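J.: Quick one, final-v6.cif (mmCIF, C-alpha atoms and all ligand atoms):
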```cif
data_model
loop_
_atom_site.label_atom_id
_atom_site.label_comp_id
_atom_site.auth_asym_id
_atom_site.auth_seq_id
_atom_site.Cartn_x
_atom_site.Cartn_y
_atom_site.Cartn_z
CA MET A 1 -148.63 -21.96 -103.38
CA GLY A 2 -152.42 -21.74 -103.06
CA LYS A 3 -154.85 -24.63 -102.82
CA SER A 4 -156.25 -26.10 -106.01
CA PRO A 5 -159.79 -27.54 -106.20
CA VAL A 6 -158.18 -30.59 -107.90
CA SER A 7 -156.14 -32.89 -105.67
CA LEU A 8 -153.77 -35.72 -106.51
CA LYS A 9 -153.05 -36.52 -102.86
CA ASN A 10 -152.53 -40.26 -102.34
CA LYS A 11 -153.31 -40.92 -106.01
CA ASP A 12 -151.27 -43.37 -108.04
CA ILE A 13 -149.82 -41.86 -111.22
CA LEU A 14 -150.15 -44.72 -113.69
CA GLN A 15 -150.97 -43.17 -117.05
CA LEU A 16 -152.03 -39.98 -118.81
CA GLN A 17 -154.93 -41.75 -120.51
CA GLY A 18 -158.00 -40.64 -118.58
CA MET A 19 -156.25 -37.86 -116.67
CA SER A 20 -158.36 -34.71 -116.79
CA GLU A 21 -157.20 -31.38 -118.19
CA ALA A 22 -157.45 -29.92 -114.66
CA GLN A 23 -155.18 -32.64 -113.25
CA LEU A 24 -152.64 -32.18 -116.05
CA ARG A 25 -152.64 -28.40 -115.58
CA LEU A 26 -152.22 -28.77 -111.81
CA ILE A 27 -149.04 -30.82 -112.36
CA LEU A 28 -147.74 -28.48 -115.08
CA ASP A 29 -148.42 -25.35 -112.98
CA THR A 30 -146.81 -26.93 -109.91
CA ALA A 31 -143.74 -27.88 -111.96
CA LYS A 32 -143.26 -24.21 -112.84
CA GLU A 33 -142.89 -23.41 -109.13
CA MET A 34 -140.55 -26.37 -108.67
CA LYS A 35 -138.28 -25.21 -111.48
CA GLY A 36 -137.57 -22.12 -109.42
CA ILE A 37 -136.13 -24.32 -106.66
CA ILE A 38 -133.80 -26.11 -109.12
CA ASP A 39 -132.32 -22.77 -110.17
CA ARG A 40 -131.36 -21.78 -106.61
CA ASP A 41 -127.88 -22.10 -105.13
CA ILE A 42 -129.33 -24.04 -102.21
CA LYS A 43 -131.92 -26.40 -103.64
CA LYS A 44 -133.06 -28.26 -100.57
CA VAL A 45 -136.49 -27.48 -99.06
CA PRO A 46 -138.17 -29.36 -96.21
CA THR A 47 -141.52 -29.94 -97.97
CA LEU A 48 -141.27 -33.75 -97.91
CA ARG A 49 -139.21 -34.07 -94.74
CA GLY A 50 -140.11 -37.35 -93.03
CA LYS A 51 -141.36 -38.97 -96.25
CA SER A 52 -139.56 -41.91 -97.82
CA ILE A 53 -139.50 -42.91 -101.46
CA ILE A 54 -138.22 -46.08 -103.12
CA ASN A 55 -137.06 -46.07 -106.74
CA LEU A 56 -137.60 -49.63 -107.99
CA PHE A 57 -136.19 -50.02 -111.50
CA TYR A 58 -136.41 -53.32 -113.38
CA GLU A 59 -135.05 -51.66 -116.53
CA PRO A 60 -132.07 -49.33 -117.09
CA SER A 61 -132.57 -45.59 -116.72
CA THR A 62 -130.42 -42.49 -116.40
CA ARG A 63 -132.82 -39.55 -116.64
CA THR A 64 -135.94 -40.87 -114.95
CA ARG A 65 -134.29 -42.60 -112.03
CA THR A 66 -131.78 -39.84 -111.32
CA SER A 67 -134.38 -37.09 -111.58
CA PHE A 68 -136.81 -38.91 -109.27
CA GLU A 69 -133.95 -39.38 -106.81
CA LEU A 70 -132.92 -35.72 -106.97
CA ALA A 71 -136.57 -34.60 -106.92
CA GLY A 72 -137.18 -36.43 -103.66
CA LYS A 73 -133.91 -35.19 -102.15
CA TYR A 74 -134.40 -31.55 -103.18
CA LEU A 75 -137.80 -31.71 -101.44
CA GLY A 76 -136.28 -33.16 -98.29
CA ALA A 77 -137.48 -36.80 -98.55
CA ASP A 78 -135.36 -39.88 -97.94
CA VAL A 79 -134.85 -41.71 -101.24
CA VAL A 80 -133.54 -45.24 -101.73
CA ASN A 81 -132.76 -46.80 -105.11
CA ILE A 82 -133.25 -50.49 -105.78
CA THR A 83 -131.48 -51.69 -108.89
CA THR A 84 -133.07 -55.05 -109.45
CA SER A 85 -129.89 -56.59 -110.92
CA ALA A 86 -128.31 -56.16 -107.48
CA SER A 87 -131.40 -57.18 -105.47
CA SER A 88 -133.19 -60.35 -104.43
CA VAL A 89 -135.01 -60.23 -107.77
CA VAL A 90 -132.00 -62.13 -109.18
CA LYS A 91 -132.71 -64.85 -106.59
CA GLY A 92 -136.18 -65.21 -108.06
CA GLU A 93 -138.24 -62.96 -105.77
CA SER A 94 -141.53 -62.12 -107.47
CA LEU A 95 -142.76 -58.60 -108.21
CA ARG A 96 -145.55 -58.98 -105.61
CA ASP A 97 -143.12 -60.09 -102.89
CA THR A 98 -140.67 -57.34 -103.76
CA LEU A 99 -143.44 -54.76 -103.49
CA LEU A 100 -144.68 -56.16 -100.18
CA THR A 101 -141.10 -56.12 -98.87
CA VAL A 102 -140.62 -52.42 -99.62
CA GLU A 103 -144.09 -51.66 -98.25
CA ALA A 104 -143.18 -53.36 -94.97
CA MET A 105 -140.38 -50.82 -94.55
CA GLY A 106 -142.96 -48.05 -94.27
CA VAL A 107 -142.28 -46.18 -97.49
CA ASP A 108 -144.69 -43.47 -98.64
CA ALA A 109 -144.19 -43.78 -102.40
CA VAL A 110 -142.77 -46.29 -104.85
CA VAL A 111 -141.50 -45.16 -108.25
CA MET A 112 -141.36 -48.19 -110.52
CA ARG A 113 -140.09 -48.96 -114.01
CA HIS A 114 -140.84 -52.43 -115.36
CA GLU A 115 -140.62 -54.07 -118.76
CA VAL A 116 -144.17 -55.49 -118.69
CA GLU A 117 -147.20 -53.46 -119.81
CA GLY A 118 -149.72 -53.26 -116.97
CA SER A 119 -147.15 -53.92 -114.24
CA ALA A 120 -147.76 -50.43 -112.82
CA HIS A 121 -151.48 -51.16 -112.42
CA PHE A 122 -150.64 -54.50 -110.80
CA ALA A 123 -148.21 -52.83 -108.40
CA ALA A 124 -150.77 -50.18 -107.48
CA GLN A 125 -153.24 -52.91 -106.54
CA VAL A 126 -150.67 -54.69 -104.37
CA LEU A 127 -149.29 -51.59 -102.62
CA LYS A 128 -150.74 -49.27 -99.98
CA PRO A 129 -148.14 -46.50 -100.65
CA VAL A 130 -148.65 -44.46 -103.81
CA LEU A 131 -147.24 -45.89 -107.00
CA ILE A 132 -145.71 -43.70 -109.69
CA ASN A 133 -145.22 -45.35 -113.05
CA ALA A 134 -141.73 -44.60 -114.43
CA GLY A 135 -142.49 -46.61 -117.59
CA ASP A 136 -144.23 -49.98 -118.00
CA GLY A 137 -143.26 -51.80 -121.18
CA ALA A 138 -144.76 -50.14 -124.24
CA HIS A 139 -147.79 -48.93 -122.27
CA GLU A 140 -147.09 -45.48 -120.77
CA HIS A 141 -144.37 -43.23 -119.34
CA PRO A 142 -146.56 -40.53 -117.79
CA THR A 143 -143.85 -38.31 -116.33
CA GLN A 144 -142.11 -38.21 -119.74
CA GLY A 145 -145.38 -37.15 -121.38
CA LEU A 146 -145.75 -34.43 -118.76
CA LEU A 147 -142.20 -33.14 -119.17
CA ASP A 148 -142.67 -33.05 -122.94
CA MET A 149 -145.83 -30.95 -122.48
CA PHE A 150 -144.09 -28.72 -119.94
CA THR A 151 -141.24 -28.13 -122.41
CA ILE A 152 -143.65 -27.26 -125.22
CA LEU A 153 -145.45 -24.80 -122.93
CA GLN A 154 -142.12 -23.20 -122.01
CA TYR A 155 -141.21 -22.52 -125.64
CA LYS A 156 -144.63 -22.07 -127.26
CA GLN A 157 -146.74 -20.81 -124.31
CA LYS A 158 -149.57 -23.13 -125.41
CA ILE A 159 -150.29 -26.64 -126.62
CA GLU A 160 -153.80 -26.18 -127.96
CA GLY A 161 -153.86 -26.10 -131.76
CA LEU A 162 -150.17 -26.95 -132.22
CA LYS A 163 -149.18 -29.59 -134.76
CA VAL A 164 -147.11 -32.09 -132.78
CA VAL A 165 -145.46 -34.88 -134.78
CA ILE A 166 -144.03 -37.96 -133.09
CA VAL A 167 -141.57 -39.76 -135.35
CA GLY A 168 -140.08 -43.23 -135.14
CA ASP A 169 -140.66 -46.43 -133.24
CA ILE A 170 -144.27 -45.80 -132.25
CA LEU A 171 -145.06 -49.49 -131.76
CA HIS A 172 -142.71 -49.93 -128.79
CA SER A 173 -143.02 -46.42 -127.41
CA ARG A 174 -144.57 -45.75 -124.01
CA VAL A 175 -143.47 -42.14 -124.53
CA ALA A 176 -145.63 -41.85 -127.68
CA ARG A 177 -148.70 -43.18 -125.86
CA SER A 178 -148.32 -40.81 -122.90
CA ASP A 179 -147.64 -37.87 -125.24
CA ILE A 180 -150.68 -38.67 -127.34
CA TRP A 181 -153.12 -38.97 -124.41
CA GLY A 182 -151.80 -35.90 -122.60
CA MET A 183 -151.39 -33.64 -125.61
CA LYS A 184 -154.79 -34.55 -127.04
CA THR A 185 -156.40 -33.66 -123.72
CA LEU A 186 -154.71 -30.26 -123.95
CA GLY A 187 -155.93 -29.78 -127.54
CA ALA A 188 -152.88 -30.51 -129.72
CA ASP A 189 -153.19 -31.79 -133.28
CA VAL A 190 -151.12 -34.97 -132.89
CA HIS A 191 -149.54 -36.88 -135.79
CA VAL A 192 -147.28 -39.95 -135.77
CA ALA A 193 -144.91 -41.15 -138.49
CA GLY A 194 -142.61 -44.10 -138.96
CA PRO A 195 -142.04 -47.31 -140.92
CA VAL A 196 -145.35 -49.20 -141.25
CA PRO A 197 -144.22 -52.16 -139.08
CA LEU A 198 -143.39 -49.69 -136.29
CA LEU A 199 -146.78 -47.96 -136.40
CA ALA A 200 -149.29 -49.32 -133.89
CA ARG A 201 -152.78 -50.20 -135.15
CA GLU A 202 -154.41 -48.74 -132.04
CA MET A 203 -153.17 -45.25 -132.95
CA GLU A 204 -155.95 -44.43 -135.39
CA VAL A 205 -158.60 -45.08 -132.74
CA MET A 206 -156.71 -42.72 -130.44
CA GLY A 207 -157.87 -39.91 -132.75
CA ILE A 208 -154.53 -38.93 -134.25
CA THR A 209 -153.21 -38.83 -137.81
CA VAL A 210 -150.91 -41.67 -138.86
CA HIS A 211 -148.33 -41.22 -141.66
CA SER A 212 -145.90 -43.63 -143.25
CA SER A 213 -144.08 -40.69 -144.90
CA VAL A 214 -142.06 -38.57 -142.50
CA GLU A 215 -141.94 -35.69 -145.03
CA GLU A 216 -145.73 -35.60 -145.21
CA ALA A 217 -146.01 -35.74 -141.42
CA ILE A 218 -143.57 -32.99 -140.48
CA ARG A 219 -144.74 -30.42 -143.03
CA ASP A 220 -145.64 -27.25 -141.07
CA ALA A 221 -145.07 -28.98 -137.73
CA ASP A 222 -144.75 -26.84 -134.59
CA VAL A 223 -143.09 -29.62 -132.59
CA ILE A 224 -141.23 -32.76 -133.69
CA ASN A 225 -140.67 -35.39 -131.02
CA VAL A 226 -138.06 -37.84 -132.33
CA LEU A 227 -138.27 -41.23 -130.62
CA ARG A 228 -135.39 -43.53 -129.87
CA ILE A 229 -135.21 -46.68 -131.98
CA GLN A 230 -135.53 -49.25 -129.21
CA LYS A 231 -133.01 -51.79 -130.46
CA GLU A 232 -133.65 -53.94 -127.37
CA ARG A 233 -137.33 -54.36 -128.26
CA GLN A 234 -137.04 -54.94 -132.02
CA GLY A 235 -138.24 -58.21 -133.51
CA LYS A 236 -136.83 -59.40 -136.81
CA GLY A 237 -137.64 -57.37 -139.90
CA LEU A 238 -139.55 -54.56 -138.19
CA PHE A 239 -137.38 -51.91 -139.77
CA PRO A 240 -134.75 -51.79 -142.48
CA SER A 241 -131.06 -51.47 -141.70
CA SER A 242 -129.91 -48.55 -139.53
CA ARG A 243 -128.58 -46.80 -142.62
CA GLU A 244 -131.91 -47.21 -144.44
CA TYR A 245 -133.81 -46.01 -141.37
CA ALA A 246 -131.66 -42.88 -141.10
CA ARG A 247 -132.11 -42.23 -144.84
CA LEU A 248 -135.88 -42.71 -144.88
CA PHE A 249 -136.98 -41.53 -141.44
CA GLY A 250 -134.08 -39.82 -139.65
CA ILE A 251 -134.64 -36.16 -138.74
CA ASN A 252 -131.86 -34.18 -140.39
CA ALA A 253 -131.43 -30.51 -141.25
CA LYS A 254 -132.91 -30.91 -144.73
CA ARG A 255 -136.07 -32.60 -143.46
CA LEU A 256 -136.40 -30.09 -140.65
CA GLN A 257 -136.85 -27.36 -143.26
CA LEU A 258 -140.28 -28.83 -144.03
CA ALA A 259 -141.49 -27.93 -140.54
CA LYS A 260 -142.26 -24.39 -139.38
CA PRO A 261 -139.07 -22.29 -139.09
CA ASP A 262 -139.41 -22.18 -135.30
CA ALA A 263 -140.35 -25.85 -134.90
CA LEU A 264 -139.18 -27.31 -131.62
CA ILE A 265 -137.16 -30.53 -131.55
CA LEU A 266 -137.71 -32.95 -128.67
CA HIS A 267 -136.19 -36.35 -127.94
CA PRO A 268 -136.81 -38.37 -124.74
CA GLY A 269 -133.28 -39.75 -124.73
CA PRO A 270 -131.07 -41.64 -124.82
CA MET A 271 -130.39 -40.73 -128.46
CA ASN A 272 -129.02 -42.91 -131.23
CA ARG A 273 -127.28 -39.98 -132.91
CA GLY A 274 -127.01 -40.45 -136.66
CA LEU A 275 -129.87 -42.96 -136.64
CA GLU A 276 -133.18 -41.32 -135.69
CA ILE A 277 -131.68 -37.83 -135.32
CA ALA A 278 -128.72 -36.10 -136.97
CA PRO A 279 -126.18 -34.51 -134.59
CA ASP A 280 -126.67 -31.01 -136.03
CA VAL A 281 -130.40 -31.24 -135.29
CA ALA A 282 -129.91 -32.78 -131.85
CA TYR A 283 -127.57 -29.96 -130.81
CA GLY A 284 -129.01 -27.25 -133.06
CA GLU A 285 -130.82 -24.03 -132.15
CA GLN A 286 -134.26 -25.60 -132.36
CA SER A 287 -133.43 -28.43 -129.98
CA ALA A 288 -134.89 -28.40 -126.47
CA ILE A 289 -133.45 -31.81 -125.55
CA GLN A 290 -131.24 -30.58 -122.70
CA GLU A 291 -134.08 -28.45 -121.33
CA GLN A 292 -136.30 -31.55 -121.34
CA VAL A 293 -133.93 -33.18 -118.86
CA LYS A 294 -134.13 -30.20 -116.49
CA ASN A 295 -137.90 -30.05 -116.92
CA GLY A 296 -138.11 -33.75 -116.05
CA LEU A 297 -136.72 -32.92 -112.64
CA ALA A 298 -139.31 -30.15 -112.13
CA ILE A 299 -142.17 -32.44 -113.21
CA ARG A 300 -141.04 -35.22 -110.86
CA MET A 301 -140.73 -32.76 -107.96
CA ALA A 302 -144.28 -31.60 -108.72
CA ILE A 303 -145.63 -35.16 -108.84
CA LEU A 304 -143.98 -36.18 -105.57
CA TYR A 305 -145.20 -33.02 -103.89
CA LEU A 306 -148.77 -33.42 -105.15
CA VAL A 307 -149.21 -37.13 -104.39
CA LEU A 308 -147.54 -36.96 -100.98
CA MET A 309 -148.69 -33.53 -99.77
CA GLY A 310 -151.70 -32.69 -101.95
CA GLY A 311 -152.72 -29.05 -101.92
CA GLU A 312 -150.89 -28.17 -98.74
CA GLU A 313 -148.90 -24.98 -98.76
CA ILE A 314 -145.38 -25.50 -100.06
CA GLU A 315 -142.64 -24.49 -97.66
CA VAL A 316 -140.03 -22.81 -99.80
CA THR A 317 -137.57 -21.69 -97.16
CA ALA A 318 -134.48 -23.81 -96.59
N1 LIG B 1 -136.47 -40.74 -121.29
C1 LIG B 1 -136.15 -41.71 -120.39
O1 LIG B 1 -137.03 -42.40 -119.83
O2 LIG B 1 -134.81 -41.85 -120.20
P1 LIG B 1 -134.13 -42.90 -119.20
O3 LIG B 1 -134.39 -44.28 -119.77
O4 LIG B 1 -132.68 -42.53 -119.18
O5 LIG B 1 -134.81 -42.75 -117.88
#
```
Would you give me this structure, written as structure tokens?

T.:
Amino acid sequence: MGKSPVSLKNKDILQLQGMSEAQLRLILDTAKEMKGIIDRDIKKVPTLRGKSIINLFYEPSTRTRTSFELAGKYLGADVVNITTSASSVVKGESLRDTLLTVEAMGVDAVVMRHEVEGSAHFAAQVLKPVLINAGDGAHEHPTQGLLDMFTILQYKQKIEGLKVVIVGDILHSRVARSDIWGMKTLGADVHVAGPVPLLAREMEVMGITVHSSVEEAIRDADVINVLRIQKERQGKGLFPSSREYARLFGINAKRLQLAKPDALILHPGPMNRGLEIAPDVAYGEQSAIQEQVKNGLAIRMAILYLVLMGGEEIEVTA
């Protein structure tokens, strides 16, 4: 892999807001190389040998945590997972003290998910090792935004000029915010749709189009990203009953016909099947949901490689 004039070496990855097109493209191009490693029989390369990574998750995760763990391991790093429910956090240890404790062990990178918006920025200020945000409250989930863009590029070969519609619980969605910032930087025409109480006021100033009608939003869409209804973050009365939500906003085969015939269906997972997405759409021909999971691994390999090794040549032999 050749050197790029853009470098992310030793940089914290906190958000896609403010990330340049060159930085985004560096990650996306590097992920393409990484995907080749995932497809091999023997996946392990020594690129990050001698580096250590801590996954510090204050919230549940299957995809993000597992793919960061595998990403580090495939690249030869030592990876340790801290599940806070089985850590000294339950004894009352503060976030700052937890971070300083892992730093004292000499780790090179910390991947953190936390329920509070801004916690990733706080952690980056506390820590000397690089900090990778694996989702902070409703703020951002940058690696999800990147894997969504990578998946769109795989199927559509471009992002510029595509109509991308994000449907659902926009208010609580860190995925929506990362998608919007990243995809706008790469020139997409971004729309959001959902029940009015689940639409965030800040969205209009982000330069996107906001719809309360899902039919209006998805007409002629190239990509529909269906968000999970975050039952754990819902206040009272923010959306009607599950049945009403599915009827008014759920993406089903009939609604999908309003989009372009080759429209791509994305979902960050985990899905509430039958609520925000019908099973025949989730598992249908236009769905790239399984591919998103694989692409998440490639993106996280790329991020770890770029922040820990920068533009150094990648060693691809086992
Ligand atoms: N999309 C996503 O962040 O999934 P997990 O919560 O399983 O990591």

J.: Name all residues at most 12 Å from region 86-91 of chain A (count only C-alpha atoms; drop same-chain ones fewer than 3 positions away) and give them as a ChimeraX atom specification.

T.: /A:56-58,81-83,94-99,101-102

J.: Taking only C-alpha atoms and all ligand atoms into account, which residues have an atom no farther than 7 Å from ligand LIG 1 (chain B)? I'd like them as an NGL selection string.

T.: :A and (60-65 or 144 or 268-270)

J.: Mind writing the picked residues with C-alpha atoms as an mmCIF file, in the coordinates of the input?

T.:
```cif
data_model
loop_
_atom_site.group_PDB
_atom_site.id
_atom_site.type_symbol
_atom_site.label_atom_id
_atom_site.label_comp_id
_atom_site.auth_asym_id
_atom_site.auth_seq_id
_atom_site.Cartn_x
_atom_site.Cartn_y
_atom_site.Cartn_z
ATOM 1 C CA PRO A 60 -132.070 -49.330 -117.090
ATOM 2 C CA SER A 61 -132.570 -45.590 -116.720
ATOM 3 C CA THR A 62 -130.420 -42.490 -116.400
ATOM 4 C CA ARG A 63 -132.820 -39.550 -116.640
ATOM 5 C CA THR A 64 -135.940 -40.870 -114.950
ATOM 6 C CA ARG A 65 -134.290 -42.600 -112.030
ATOM 7 C CA GLN A 144 -142.110 -38.210 -119.740
ATOM 8 C CA PRO A 268 -136.810 -38.370 -124.740
ATOM 9 C CA GLY A 269 -133.280 -39.750 -124.730
ATOM 10 C CA PRO A 270 -131.070 -41.640 -124.820
#
```

J.: Restricting the calculation to all atoms listed in the file, which member of A:Arg300, A:Lys51, A:Lys184, A:His267 is positioned closest to Ile229 (chain A)?

T.: A:His267

J.: Can you list, as a PyMOL selection string, every protein, DNA or RNA residue that comes within 12 Å of His191 (chain A) when you count only C-alpha atoms, leaving out same-chain residues fewer than 3 positions away?

T.: chain A and resi 162-168+170+176-177+179-180+183-184+188+194+199+203-204+206-214+216-225

J.: When you count only C-alpha atoms, which of these residues is closest to Gln15 (chain A): A:Ile289, A:Leu131, A:Ala31, A:Val126?

T.: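 Closest residue, counting only C-alpha atoms: A:Leu131.
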
J.: Between CA of Met112 (chain A) and CA of Asn133 (chain A), measure the distance and give it in Å to one decimal.

T.: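 Interatomic distance, CA of Met112 (chain A) to CA of Asn133 (chain A): 5.4 Å.
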
J.: I want to know what sits within 7 Å of region 250-257 of chain A, based on all atoms listed in the file, with residues of the same chain fewer than 4 positions away left out; could you give that as a PDB file with C-alpha atoms, keeping the file's coordinate frame?

T.:
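What landed in result-v3.pdb:
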```
ATOM      1  CA  GLU A 215    -141.940 -35.690-145.030  1.00  0.00           C
ATOM      2  CA  TYR A 245    -133.810 -46.010-141.370  1.00  0.00           C
ATOM      3  CA  ALA A 246    -131.660 -42.880-141.100  1.00  0.00           C
ATOM      4  CA  PRO A 261    -139.070 -22.290-139.090  1.00  0.00           C
ATOM      5  CA  LEU A 275    -129.870 -42.960-136.640  1.00  0.00           C
ATOM      6  CA  GLU A 276    -133.180 -41.320-135.690  1.00  0.00           C
ATOM      7  CA  ILE A 277    -131.680 -37.830-135.320  1.00  0.00           C
ATOM      8  CA  ALA A 278    -128.720 -36.100-136.970  1.00  0.00           C
ATOM      9  CA  VAL A 281    -130.400 -31.240-135.290  1.00  0.00           C
TER      10      VAL A 281
END
```

J.: May I ask which of the residues A:Leu8, A:Val130, A:Leu28, A:Met271 is the closest one to Asp148 (chain A), counting only C-alpha atoms?

T.: A:Leu28

J.: Please produce region 205-223 of chain A, completed to N, CA, C and O atoms, as a compact mmCIF listing (two decimals), in the coordinates of the input.

T.:
```txt
# COMPACT_ATOMS: atom_id res chain seq x y z
N VAL A 205 -157.44 -45.25 -133.62
CA VAL A 205 -158.60 -45.08 -132.74
C VAL A 205 -158.30 -44.11 -131.60
O VAL A 205 -159.20 -43.69 -130.89
N MET A 206 -157.04 -43.73 -131.44
CA MET A 206 -156.71 -42.72 -130.44
C MET A 206 -157.00 -41.31 -130.97
O MET A 206 -156.78 -40.32 -130.27
N GLY A 207 -157.47 -41.21 -132.21
CA GLY A 207 -157.87 -39.91 -132.75
C GLY A 207 -156.72 -39.06 -133.23
O GLY A 207 -156.76 -37.83 -133.14
N ILE A 208 -155.66 -39.70 -133.74
CA ILE A 208 -154.53 -38.93 -134.25
C ILE A 208 -154.35 -39.27 -135.73
O ILE A 208 -155.01 -40.18 -136.24
N THR A 209 -153.45 -38.57 -136.39
CA THR A 209 -153.21 -38.83 -137.81
C THR A 209 -151.93 -39.65 -137.96
O THR A 209 -150.90 -39.29 -137.37
N VAL A 210 -152.03 -40.74 -138.72
CA VAL A 210 -150.91 -41.67 -138.86
C VAL A 210 -150.33 -41.55 -140.27
O VAL A 210 -151.08 -41.56 -141.25
N HIS A 211 -149.00 -41.38 -140.35
CA HIS A 211 -148.33 -41.22 -141.66
C HIS A 211 -147.23 -42.27 -141.80
O HIS A 211 -146.51 -42.54 -140.83
N SER A 212 -147.07 -42.78 -143.01
CA SER A 212 -145.90 -43.63 -143.25
C SER A 212 -144.79 -42.81 -143.91
O SER A 212 -143.67 -43.29 -144.06
N SER A 213 -145.10 -41.58 -144.32
CA SER A 213 -144.08 -40.69 -144.90
C SER A 213 -143.73 -39.61 -143.88
O SER A 213 -144.60 -38.84 -143.44
N VAL A 214 -142.46 -39.56 -143.50
CA VAL A 214 -142.06 -38.57 -142.50
C VAL A 214 -142.14 -37.15 -143.08
O VAL A 214 -142.48 -36.20 -142.37
N GLU A 215 -141.87 -37.02 -144.39
CA GLU A 215 -141.94 -35.69 -145.03
C GLU A 215 -143.36 -35.15 -144.94
O GLU A 215 -143.58 -33.99 -144.60
N GLU A 216 -144.32 -36.01 -145.26
CA GLU A 216 -145.73 -35.60 -145.21
C GLU A 216 -146.10 -35.20 -143.77
O GLU A 216 -146.76 -34.19 -143.54
N ALA A 217 -145.63 -35.98 -142.82
CA ALA A 217 -146.01 -35.74 -141.42
C ALA A 217 -145.46 -34.41 -140.90
O ALA A 217 -146.18 -33.65 -140.24
N ILE A 218 -144.19 -34.14 -141.17
CA ILE A 218 -143.57 -32.99 -140.48
C ILE A 218 -143.80 -31.65 -141.19
O ILE A 218 -143.38 -30.62 -140.66
N ARG A 219 -144.47 -31.69 -142.35
CA ARG A 219 -144.74 -30.42 -143.03
C ARG A 219 -145.52 -29.47 -142.10
O ARG A 219 -146.52 -29.85 -141.53
N ASP A 220 -145.00 -28.29 -141.90
CA ASP A 220 -145.64 -27.25 -141.07
C ASP A 220 -145.80 -27.65 -139.60
O ASP A 220 -146.67 -27.11 -138.88
N ALA A 221 -144.98 -28.57 -139.14
CA ALA A 221 -145.07 -28.98 -137.73
C ALA A 221 -144.59 -27.86 -136.81
O ALA A 221 -143.66 -27.11 -137.14
N ASP A 222 -145.22 -27.75 -135.64
CA ASP A 222 -144.75 -26.84 -134.59
C ASP A 222 -143.75 -27.53 -133.67
O ASP A 222 -142.88 -26.88 -133.09
N VAL A 223 -143.95 -28.85 -133.49
CA VAL A 223 -143.09 -29.62 -132.59
C VAL A 223 -142.83 -30.98 -133.24
O VAL A 223 -143.77 -31.61 -133.76
```
